[in-house]
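*Asks:* So that we are looking at the same thing, I have put the structure below in structure tokens.
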Amino acid sequence: MGGGPRDHAHSPAPAVSAPLPASVRLGYGLGSLCTGTFPTVPGLLLLYYLTNVMAVPAALAGVALFLPKAWDVLVNPVVGAVCDRSRLRGGPRRPFLLAGALTLPPLFALIFAAPPVRGTAAAAYVAVLFLLAATSYAVFQVPYVAMPAELTHDSGERGRLLAWRVGFLGVAILLSGAAAPAIAHAGGDTPGSYRLMGVAVAAVLAFGMLAAWHGTRKAPAVSHTTAEPSLRAQLTAARSNRPFLYLAGMWAVQALAIGVMLAGVQYFATYVLGSASAVTPLFVCMIGPLALVMPLWNRLARARGVKYAQFCASWVFLGATVVLVLTPWAGAWPAYATIASVGIAYGGMQLLPLRMLADNLAADAVRTGRQRAATFTGLWTAVETLAFALGAGAFAAVLAVSGFRSSDAAHAVDQPASALTGIVLGMSVLPAVLALVSLWLLSRYTDVPAPATVKDERRP
């Protein structure tokens, strides 16, 4: 362990790897309680918290949310390089899982525990705490995402490990996205109700992160991947893998579309459907199908190819977002059904790119004779984080341009018709345009089958 990338360059290991212990699959999967919850809850509630509880103008709120997450683009390569060179007991990954687990939960709770300030002061407080929390999240997420490529050479076993991860990801997104707004709104959108929600979510984060650290203590280490030491070096490496560039671009644009919808769904519930509490059934409709449709997307991917299945998921998403623009005329129930269609597509959009990424990394190792998974996963997590940050910022820009009026919990204000139109367009037309861009990027991606050298033909 330690040293630069050249110190660890080697040809891919033999084809067959032993099956991972069930405890490792479970422990690793539970880490998704963090990676599903941390992007979801701020993406769903933090913009609304700033504009409707802390009286922060929409444009300023967008900046306060974007800058801390954009910071991740710079800090992720640093975290990757530090992990690679670590000589801590427990290996180059798990000690960082523990460091994130001990710091992120309290920082998250503090984000929603702002002192009695409003406007610019509230925006500054949230921005600083959110930046610290984003840094702590990077300390956990970067090594966490890199681990599957290091635990097994078997593509099928990697797929099973990722299935656990995505399964818990769906559970985390569903539970946090449904429960967090319910807690926040239970007290009438007061600062106290948001503080309680922050503490409850922090407890979920701590459980998932500590479970990942503890559950992977018996994980094998069949290889050690290394990241390039800087963002510039990582981008140089990525340019040599053109399929990865298109794949990461598609992933980023689709994450941006989801980020826009997450930021907008609370406004959509409050001002278009007429009830702030409607966000919970809306979110259940969006995320509820995730676990149910995941096996179906997997089956389609096996039958017709992962790229084909990803095309299908993207087209379903595009169609559903276009239909959503009719909500002011069609009413609430069609909106719920349309959001459920978004959820069906989202199940594929979460799983299938990860399968393509794993196969791409395996193919890159065969082609170059180097294990560079940490480099590419560092970039992958960076663009995902930046895209989600841009999602909240983009919806905040829509609010600002359309004339949305901010308020605090005690002084609600009426919104102009232009703001209501902006909310509808931000939830429908903007994600649809982004979906079209992602489809073009996907068409440019060269489907990479898992190399024969890393398959285990003993299992279907």
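Chains: A, B, ... in order of the structure tokens. Residues: from 1 per chain. Ligands: from 1, in order shown.
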Write out as a PyMOL selection string which residues come within 7 Å of segment 240-253 of chain A when counting only C-alpha atoms, dropping same-chain ones fewer than 3 positions away.

*Replies:* chain A and resi 237+256-257+353+360+380+383-384+387+434+438+441-442+444-446

*Asks:* Could you build a table of the residues in segment 406-441 of chain A lying no more than 10 Å from segment 104-124 of chain A, giving for each the nearest pair of atoms and their separation in Å rounded to one decimal place, using only C-alpha atoms, ordered by chain and ascending residue number, as a tab-separated table?

*Replies:*
residue	atom	partner	partner_atom	distance
A:Ser406	CA	A:Gly119	CA	9.4
A:Ser407	CA	A:Gly119	CA	9.3
A:Asp408	CA	A:Arg118	CA	8.0

*Asks:* Write out as a list in words each polymer residue whose atoms come within 6 Å of segment 26-40 of chain A, counting only C-alpha atoms; drop sequence neighbours fewer than 2 positions from it.

*Replies:*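 Those residues are Ser23, Val24, Pro42, Gly43, Leu44, Trp164, Arg165, Phe168, Leu169, Ala172, Ile173, Ser176, Leu205, Gly208, Met209, Ala211, Ala212, Gly215 and Thr216 of chain A.
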
*Asks:* Would you mind exporting the chosen residues as a short mmCIF file (atom, residue, chain, number, x, y, z; two decimals), in the first residue's frame, restricted to N, CA, C and O atoms?

*Replies:*
data_model
loop_
_atom_site.label_atom_id
_atom_site.label_comp_id
_atom_site.auth_asym_id
_atom_site.auth_seq_id
_atom_site.Cartn_x
_atom_site.Cartn_y
_atom_site.Cartn_z
N SER A 23 -21.84 -11.55 5.14
CA SER A 23 -21.70 -10.41 6.05
C SER A 23 -21.06 -9.22 5.36
O SER A 23 -21.38 -8.07 5.67
N VAL A 24 -20.16 -9.49 4.41
CA VAL A 24 -19.52 -8.40 3.68
C VAL A 24 -20.52 -7.74 2.73
O VAL A 24 -20.61 -6.52 2.62
N PRO A 42 -30.94 16.77 1.82
CA PRO A 42 -30.66 18.16 1.45
C PRO A 42 -31.21 18.52 0.07
O PRO A 42 -31.71 19.63 -0.13
N GLY A 43 -31.11 17.57 -0.88
CA GLY A 43 -31.65 17.86 -2.20
C GLY A 43 -33.14 18.09 -2.19
O GLY A 43 -33.67 18.86 -3.00
N LEU A 44 -33.83 17.44 -1.27
CA LEU A 44 -35.28 17.54 -1.19
C LEU A 44 -35.74 18.72 -0.35
O LEU A 44 -36.74 19.38 -0.68
N TRP A 164 -26.76 -5.44 -3.78
CA TRP A 164 -27.00 -5.13 -2.37
C TRP A 164 -26.90 -3.62 -2.14
O TRP A 164 -27.72 -3.03 -1.44
N ARG A 165 -25.89 -3.04 -2.74
CA ARG A 165 -25.69 -1.60 -2.57
C ARG A 165 -26.89 -0.81 -3.12
O ARG A 165 -27.42 0.08 -2.45
N PHE A 168 -30.16 -1.32 -0.95
CA PHE A 168 -30.20 -0.47 0.23
C PHE A 168 -30.28 1.00 -0.14
O PHE A 168 -30.83 1.82 0.61
N LEU A 169 -29.71 1.34 -1.30
CA LEU A 169 -29.82 2.72 -1.77
C LEU A 169 -31.29 3.09 -1.96
O LEU A 169 -31.74 4.18 -1.54
N ALA A 172 -32.92 3.50 1.40
CA ALA A 172 -32.51 4.75 2.04
C ALA A 172 -33.21 5.95 1.43
O ALA A 172 -33.70 6.83 2.14
N ILE A 173 -33.26 5.98 0.11
CA ILE A 173 -33.89 7.11 -0.57
C ILE A 173 -35.38 7.16 -0.23
O ILE A 173 -35.94 8.23 0.04
N SER A 176 -35.81 7.96 3.77
CA SER A 176 -35.40 9.32 4.12
C SER A 176 -36.25 10.35 3.38
O SER A 176 -36.62 11.38 3.95
N LEU A 205 -27.74 8.07 9.24
CA LEU A 205 -26.41 8.16 8.64
C LEU A 205 -25.38 7.40 9.47
O LEU A 205 -24.56 6.64 8.94
N GLY A 208 -25.77 3.50 9.13
CA GLY A 208 -25.32 2.95 7.86
C GLY A 208 -23.81 3.02 7.69
O GLY A 208 -23.18 2.06 7.23
N MET A 209 -23.21 4.12 8.07
CA MET A 209 -21.77 4.29 7.89
C MET A 209 -20.98 3.37 8.81
O MET A 209 -19.99 2.75 8.40
N ALA A 211 -22.09 0.59 10.05
CA ALA A 211 -22.33 -0.79 9.58
C ALA A 211 -21.40 -1.13 8.42
O ALA A 211 -20.88 -2.25 8.34
N ALA A 212 -21.17 -0.19 7.51
CA ALA A 212 -20.26 -0.44 6.39
C ALA A 212 -18.83 -0.64 6.89
O ALA A 212 -18.11 -1.52 6.41
N GLY A 215 -18.98 -4.06 8.90
CA GLY A 215 -19.33 -5.23 8.11
C GLY A 215 -18.29 -5.65 7.10
O GLY A 215 -18.25 -6.81 6.69
N THR A 216 -17.42 -4.73 6.69
CA THR A 216 -16.39 -5.06 5.70
C THR A 216 -15.06 -5.43 6.35
O THR A 216 -14.05 -5.54 5.65
#
